[in-house]
Amino acid sequence: MRQDAMLKATAIKENGYMSGSYKSTYPSFPRQIIIIVGGFGSGKTEVSVNLAKFLAVSQKMPVTIVDLDLVNPYFRSREAVDELEKLGVRAIAPRGEQFHADLPILLPEVKGAIENINGYLILDVGGDSQGSKALGSLTVADKTNDFDMLLVVNSRRPATENVETAIATMKRIEYTAGLQFTGLISNSHLIDETDFEIIKEGYDLVKKLSKETDLPIKFISAKENILQNSGINKFKCPILPLTRSMLKPWERGIN
Amino acid sequence: MAKKLMKGNEALGEAAIAAGALNYFAYPITPQSEVAEYLCWRLPQVGGNFVQAESEVAVGNMLFGAAATGKRVFTTSSSPGISLMQEAISYMAGAHLPVVLINIMRGGPGLGGILPAQSDYFQAVKGGGHGDYRLVVLAPASVQEAVDLMIEAFDIAERYLTPVMIIGDGMIGQMMESVEFPKKYRQQNDPSKSDWALTGADGRSARITKSLFLDGKKLEDNCLKLEAKYVEIRKNEVKYELYKVSNKNKVLITAYGTMARICQTAIDELEEEKISVGLMRPISLYPFPEKEMFKEANKPNILAILDIEMSTGQMVEDVERVTKSIKPIEFFGHTGGIVPTPEEVKDKVYEILKKFKKDKKKS
């Protein structure tokens, strides 16, 4: 309840979201290291950024987010750095001229952040199994078992369009990263054309995937206004409301 | 088929397959490497071929050889890579070969940067290679339009036996949008009945595909044959889109590619402030919508034309040419991967209106 109240107060003011009257559960994170993995288009960066914002406004611990996306040259969490810093989130991402480099830059601070963990640490791992190589080079597992590794599933993307391809994707990533998934995130979307049907379709897919892999559904992430206008109570899992932070140059910041 | 979410680069790859083009030669370069990444697993599924060449120079020569067989062939690259292909592009134009080339433009000159740009307009439209030739140049503004134009590009290339280039700013390759593909994919074409392709001279006389004509008369004949095609292309292949164009417009904006979408946002917001602005977006940069743009520019209420580009001003020279500068032309642009914002477009419109108000007072 405390979480709800705090999130509401801050978020309504900051983002204008969570003004609905529905009741939903927010995800909870007993483990401090949260690794968010997904191919491009899964929405993992939006999920990571929104999760960082959520934790920053609802938890007392400091929050650090790391851009480990070595694959995508545009639209990475680096773009959202300013917004995150305003909320007190520490963002580790290449700066200056390296901000837009198409080189695999792994900052030394990343290792430090893992070894000297302080509060929540969100790792935004980009670009499918190739991107997760970066993760393999970090010794997350050796240092601690205290991590969640979550797959972002978008039923409208080839890498996770059905149970078979999603499992194949997971195996590839686990192999390169040397880490095992601990949960699933349902984030089906078509960006601004997302409707409730797509969210529901993604949820149904993740339910099947959860059964098949024995991994829990950590949460559904979706835009708040779509959930408000539809049967949100149909979902039996926590919900992380999203506001889009990575906009195209012609888009305006409206949900 | 349900709508999918795809990155522009992946969608371009899938669109080629939908067009029955299964022969791809390329060398990776940001921001279009995902085309190769996508096609290296996708083409084998449909019996296609992908050769990763040792350089873009090699890509150009592979395209020449493969296109001569009459099969549908294509490449994708970004600005510096396209520069390396210019020799082969000129050769293919001279040899009347159908081929589709994609340039997902990044900032230049030189190695420049990897952010979006539109600074290869001159190279594509005015000819980066040598000799009297033209490319058909198409510029999509969305991932869906990129897919549709990609499929059509192969038809245009075959209809006129000419290279066709699609130029997209880096955004077209990198952004994610929902997209739909045709229900029915085209089969790979069968060149055995063609009257020009090199299919083996069994039972017929040999054919030669070349751009070398040492006899001046023969070379001129080839140039005139090319020019005759370009006349037809200029007549038949002009494409453009008008947005909120009306007799009330005070300013006509000209922009292409994703830049036009930024202008649309500005136009929508200006409309709310009761300032009427229209947009003309050339889709075919060659052939350029010449008469059509002149007609729009000539409308009595238009005070000025405002051309917006991610460059220091390239298409604006064609805007000046075809409107015969009948109205004052203002330009605004950014380079280096900095994308003009809707605010900057609006500010430029305010500035124009202010200038005309002052002029009116003076007179």
# chains A, B, ... in the order shown; residues from 1 in each chain; ligands from 1
>>> interface_residues(of="chain B", to="chain A", cutoff="8 Å", atoms="only C-alpha atoms", output="MDAnalysis selection string")
chainID B and resid 3:7 30:31 114:115 174:178 261:265 339 341:342
>>> select_by_dssp(residues="segment 85-257 of chain B", states="helix (DSSP H, G or I)", output="count of residues only")
63
>>> residues_around(residues="segment 69-71 of chain B", least_positions_apart="4", cutoff="8 Å", atoms="only C-alpha atoms", output="JSON, numbers by chain")
{"B": [21, 23, 65, 98, 188, 189, 190, 191, 194, 196, 197, 198, 199]}
>>> write_last_selection(atoms="N, CA, C and O atoms", output="mmCIF file, in the first residue's frame")
data_model
loop_
_atom_site.group_PDB
_atom_site.id
_atom_site.type_symbol
_atom_site.label_atom_id
_atom_site.label_comp_id
_atom_site.auth_asym_id
_atom_site.auth_seq_id
_atom_site.Cartn_x
_atom_site.Cartn_y
_atom_site.Cartn_z
ATOM 1 N N ALA B 21 13.094 -11.201 -54.858
ATOM 2 C CA ALA B 21 14.515 -10.906 -55.055
ATOM 3 C C ALA B 21 15.319 -11.703 -54.039
ATOM 4 O O ALA B 21 15.292 -11.398 -52.851
ATOM 5 N N ASN B 23 18.712 -12.610 -54.365
ATOM 6 C CA ASN B 23 20.164 -12.551 -54.543
ATOM 7 C C ASN B 23 20.683 -11.242 -53.966
ATOM 8 O O ASN B 23 20.450 -10.167 -54.503
ATOM 9 N N GLY B 65 27.549 -8.427 -62.343
ATOM 10 C CA GLY B 65 27.546 -9.786 -62.897
ATOM 11 C C GLY B 65 26.243 -10.500 -62.647
ATOM 12 O O GLY B 65 25.678 -11.122 -63.556
ATOM 13 N N PRO B 98 18.981 -3.967 -64.560
ATOM 14 C CA PRO B 98 18.057 -3.681 -63.456
ATOM 15 C C PRO B 98 18.658 -4.133 -62.137
ATOM 16 O O PRO B 98 19.081 -5.277 -62.000
ATOM 17 N N GLN B 188 10.553 -16.131 -57.512
ATOM 18 C CA GLN B 188 11.748 -15.621 -58.160
ATOM 19 C C GLN B 188 11.504 -15.635 -59.672
ATOM 20 O O GLN B 188 10.935 -16.599 -60.192
ATOM 21 N N ASN B 189 11.903 -14.551 -60.355
ATOM 22 C CA ASN B 189 11.593 -14.448 -61.780
ATOM 23 C C ASN B 189 12.392 -15.445 -62.622
ATOM 24 O O ASN B 189 13.452 -15.915 -62.217
ATOM 25 N N ASP B 190 11.873 -15.746 -63.805
ATOM 26 C CA ASP B 190 12.539 -16.687 -64.704
ATOM 27 C C ASP B 190 13.037 -15.913 -65.923
ATOM 28 O O ASP B 190 12.258 -15.528 -66.785
ATOM 29 N N PRO B 191 14.345 -15.644 -65.973
ATOM 30 C CA PRO B 191 14.848 -14.807 -67.067
ATOM 31 C C PRO B 191 15.012 -15.553 -68.390
ATOM 32 O O PRO B 191 15.434 -14.961 -69.371
ATOM 33 N N SER B 194 13.716 -13.816 -71.337
ATOM 34 C CA SER B 194 14.082 -12.406 -71.531
ATOM 35 C C SER B 194 14.899 -12.253 -72.821
ATOM 36 O O SER B 194 15.559 -13.190 -73.268
ATOM 37 N N TRP B 196 17.321 -10.055 -73.195
ATOM 38 C CA TRP B 196 18.612 -9.396 -72.941
ATOM 39 C C TRP B 196 19.499 -10.132 -71.945
ATOM 40 O O TRP B 196 20.724 -9.988 -71.968
ATOM 41 N N ALA B 197 18.894 -10.924 -71.054
ATOM 42 C CA ALA B 197 19.677 -11.522 -69.956
ATOM 43 C C ALA B 197 20.660 -12.563 -70.484
ATOM 44 O O ALA B 197 20.426 -13.208 -71.509
ATOM 45 N N LEU B 198 21.757 -12.708 -69.770
ATOM 46 C CA LEU B 198 22.768 -13.705 -70.116
ATOM 47 C C LEU B 198 22.380 -15.030 -69.461
ATOM 48 O O LEU B 198 22.612 -15.240 -68.274
ATOM 49 N N THR B 199 21.741 -15.878 -70.257
ATOM 50 C CA THR B 199 21.225 -17.125 -69.692
ATOM 51 C C THR B 199 21.910 -18.334 -70.295
ATOM 52 O O THR B 199 21.454 -19.459 -70.166
#
>>> residues_around(residues="Ile65 of chain A", least_positions_apart="2", cutoff="9 Å", atoms="only C-alpha atoms", output="PyMOL selection string")
chain A and resi 48-49+52+63+67+77+84+89-93+120-124
>>> write_last_selection(atoms="C-alpha atoms", output="tab-separated table (two decimals), in the first residue's frame")
chain	number	residue	atom	x	y	z
A	48	SER	CA	14.19	-0.89	-18.06
A	49	VAL	CA	13.75	2.88	-18.01
A	52	ALA	CA	14.09	2.42	-12.93
A	63	VAL	CA	18.67	2.94	-8.26
A	67	ASP	CA	23.03	0.61	-20.70
A	77	SER	CA	18.46	3.95	-22.83
A	84	LEU	CA	16.31	9.35	-15.22
A	89	VAL	CA	18.59	7.44	-10.87
A	90	ARG	CA	22.26	6.92	-11.56
A	91	ALA	CA	22.64	6.12	-15.25
A	92	ILE	CA	25.78	4.44	-16.52
A	93	ALA	CA	26.06	4.92	-20.26
A	120	TYR	CA	18.92	-1.61	-7.10
A	121	LEU	CA	20.95	-2.28	-10.23
A	122	ILE	CA	19.10	-2.60	-13.51
A	123	LEU	CA	21.06	-3.93	-16.47
A	124	ASP	CA	19.51	-3.13	-19.85
>>> residues_around(residues="Glu164 of chain A", least_positions_apart="3", cutoff="12 Å", atoms="only C-alpha atoms", output="number ranges by chain")
A: 155, 158-161, 167-171, 205-206, 208-209, 212-213
>>> write_last_selection(atoms="N, CA and C atoms", output="PDB file, in the first residue's frame")
ATOM      1  N   SER A 155       5.015 -10.480 -28.519  1.00  0.00           N
ATOM      2  CA  SER A 155       4.489 -11.479 -29.455  1.00  0.00           C
ATOM      3  C   SER A 155       4.495 -10.981 -30.893  1.00  0.00           C
ATOM      4  N   PRO A 158       9.689 -11.353 -34.230  1.00  0.00           N
ATOM      5  CA  PRO A 158      10.042 -12.712 -34.647  1.00  0.00           C
ATOM      6  C   PRO A 158      10.717 -13.546 -33.548  1.00  0.00           C
ATOM      7  N   ALA A 159      11.582 -12.939 -32.729  1.00  0.00           N
ATOM      8  CA  ALA A 159      12.353 -13.718 -31.756  1.00  0.00           C
ATOM      9  C   ALA A 159      11.498 -14.305 -30.644  1.00  0.00           C
ATOM     10  N   THR A 160      10.312 -13.745 -30.439  1.00  0.00           N
ATOM     11  CA  THR A 160       9.449 -14.246 -29.358  1.00  0.00           C
ATOM     12  C   THR A 160       7.993 -14.336 -29.820  1.00  0.00           C
ATOM     13  N   GLU A 161       7.771 -14.707 -31.095  1.00  0.00           N
ATOM     14  CA  GLU A 161       6.389 -14.672 -31.596  1.00  0.00           C
ATOM     15  C   GLU A 161       5.574 -15.888 -31.162  1.00  0.00           C
ATOM     16  N   ILE A 167      11.545 -19.932 -26.636  1.00  0.00           N
ATOM     17  CA  ILE A 167      12.433 -20.849 -25.903  1.00  0.00           C
ATOM     18  C   ILE A 167      13.801 -20.914 -26.595  1.00  0.00           C
ATOM     19  N   ALA A 168      13.777 -20.952 -27.928  1.00  0.00           N
ATOM     20  CA  ALA A 168      15.050 -20.970 -28.667  1.00  0.00           C
ATOM     21  C   ALA A 168      15.854 -19.695 -28.371  1.00  0.00           C
ATOM     22  N   THR A 169      15.181 -18.566 -28.346  1.00  0.00           N
ATOM     23  CA  THR A 169      15.840 -17.288 -28.038  1.00  0.00           C
ATOM     24  C   THR A 169      16.440 -17.329 -26.637  1.00  0.00           C
ATOM     25  N   MET A 170      15.644 -17.842 -25.684  1.00  0.00           N
ATOM     26  CA  MET A 170      16.131 -17.906 -24.297  1.00  0.00           C
ATOM     27  C   MET A 170      17.374 -18.775 -24.189  1.00  0.00           C
ATOM     28  N   LYS A 171      17.339 -19.919 -24.880  1.00  0.00           N
ATOM     29  CA  LYS A 171      18.487 -20.834 -24.800  1.00  0.00           C
ATOM     30  C   LYS A 171      19.743 -20.187 -25.359  1.00  0.00           C
ATOM     31  N   LEU A 205       0.447 -15.705 -24.518  1.00  0.00           N
ATOM     32  CA  LEU A 205       1.679 -16.358 -24.951  1.00  0.00           C
ATOM     33  C   LEU A 205       2.616 -16.566 -23.755  1.00  0.00           C
ATOM     34  N   VAL A 206       2.767 -15.538 -22.936  1.00  0.00           N
ATOM     35  CA  VAL A 206       3.691 -15.624 -21.802  1.00  0.00           C
ATOM     36  C   VAL A 206       3.191 -16.644 -20.774  1.00  0.00           C
ATOM     37  N   LYS A 208       1.632 -19.416 -21.509  1.00  0.00           N
ATOM     38  CA  LYS A 208       2.057 -20.714 -22.051  1.00  0.00           C
ATOM     39  C   LYS A 208       3.552 -20.922 -21.851  1.00  0.00           C
ATOM     40  N   LEU A 209       4.301 -19.864 -22.112  1.00  0.00           N
ATOM     41  CA  LEU A 209       5.756 -19.933 -21.988  1.00  0.00           C
ATOM     42  C   LEU A 209       6.148 -20.207 -20.528  1.00  0.00           C
ATOM     43  N   GLU A 212       5.581 -23.830 -19.774  1.00  0.00           N
ATOM     44  CA  GLU A 212       6.566 -24.645 -20.478  1.00  0.00           C
ATOM     45  C   GLU A 212       7.935 -24.573 -19.797  1.00  0.00           C
ATOM     46  N   THR A 213       8.299 -23.394 -19.264  1.00  0.00           N
ATOM     47  CA  THR A 213       9.649 -23.180 -18.733  1.00  0.00           C
ATOM     48  C   THR A 213       9.705 -23.169 -17.209  1.00  0.00           C
TER      49      THR A 213
END
>>> residues_around(residues="Val99 of chain B", least_positions_apart="6", cutoff="8 Å", atoms="only C-alpha atoms", output="VMD selection string")
chain B and resid 63 67 72 to 74 154 157 162 to 164
>>> atom_distance(atom1="atom CA of Gln314 of chain B", atom2="atom CA of Phe122 of chain B")
6.3 Å
>>> closest_residue(among="B:Ala36, B:Ala255, B:Val345, B:Ile156", to="Ile283 of chain B", atoms="only C-alpha atoms")
B:Ala255
>>> atom_distance(atom1="atom CA of Lys60 of chain A", atom2="atom CA of Pro216 of chain A")
25.5 Å
>>> residues_around(residues="Gly38 of chain A", least_positions_apart="2", cutoff="6 Å", atoms="only C-alpha atoms", output="PyMOL selection string")
chain A and resi 42+44+128+151-152
>>> select_by_dssp(residues="segment 46-226 of chain A", states="strand (DSSP E or B)", output="VMD selection string")
chain A and resid 63 to 67 90 to 92 120 to 125 147 to 153 183 to 186 190 192 217 to 223
>>> atom_distance(atom1="atom CA of Gly110 of chain B", atom2="atom CA of Ile167 of chain B")
17.9 Å
>>> closest_residue(among="B:Glu237, B:Glu320, B:Glu343, B:Glu220", to="Asp155 of chain B", atoms="only C-alpha atoms")
B:Glu237
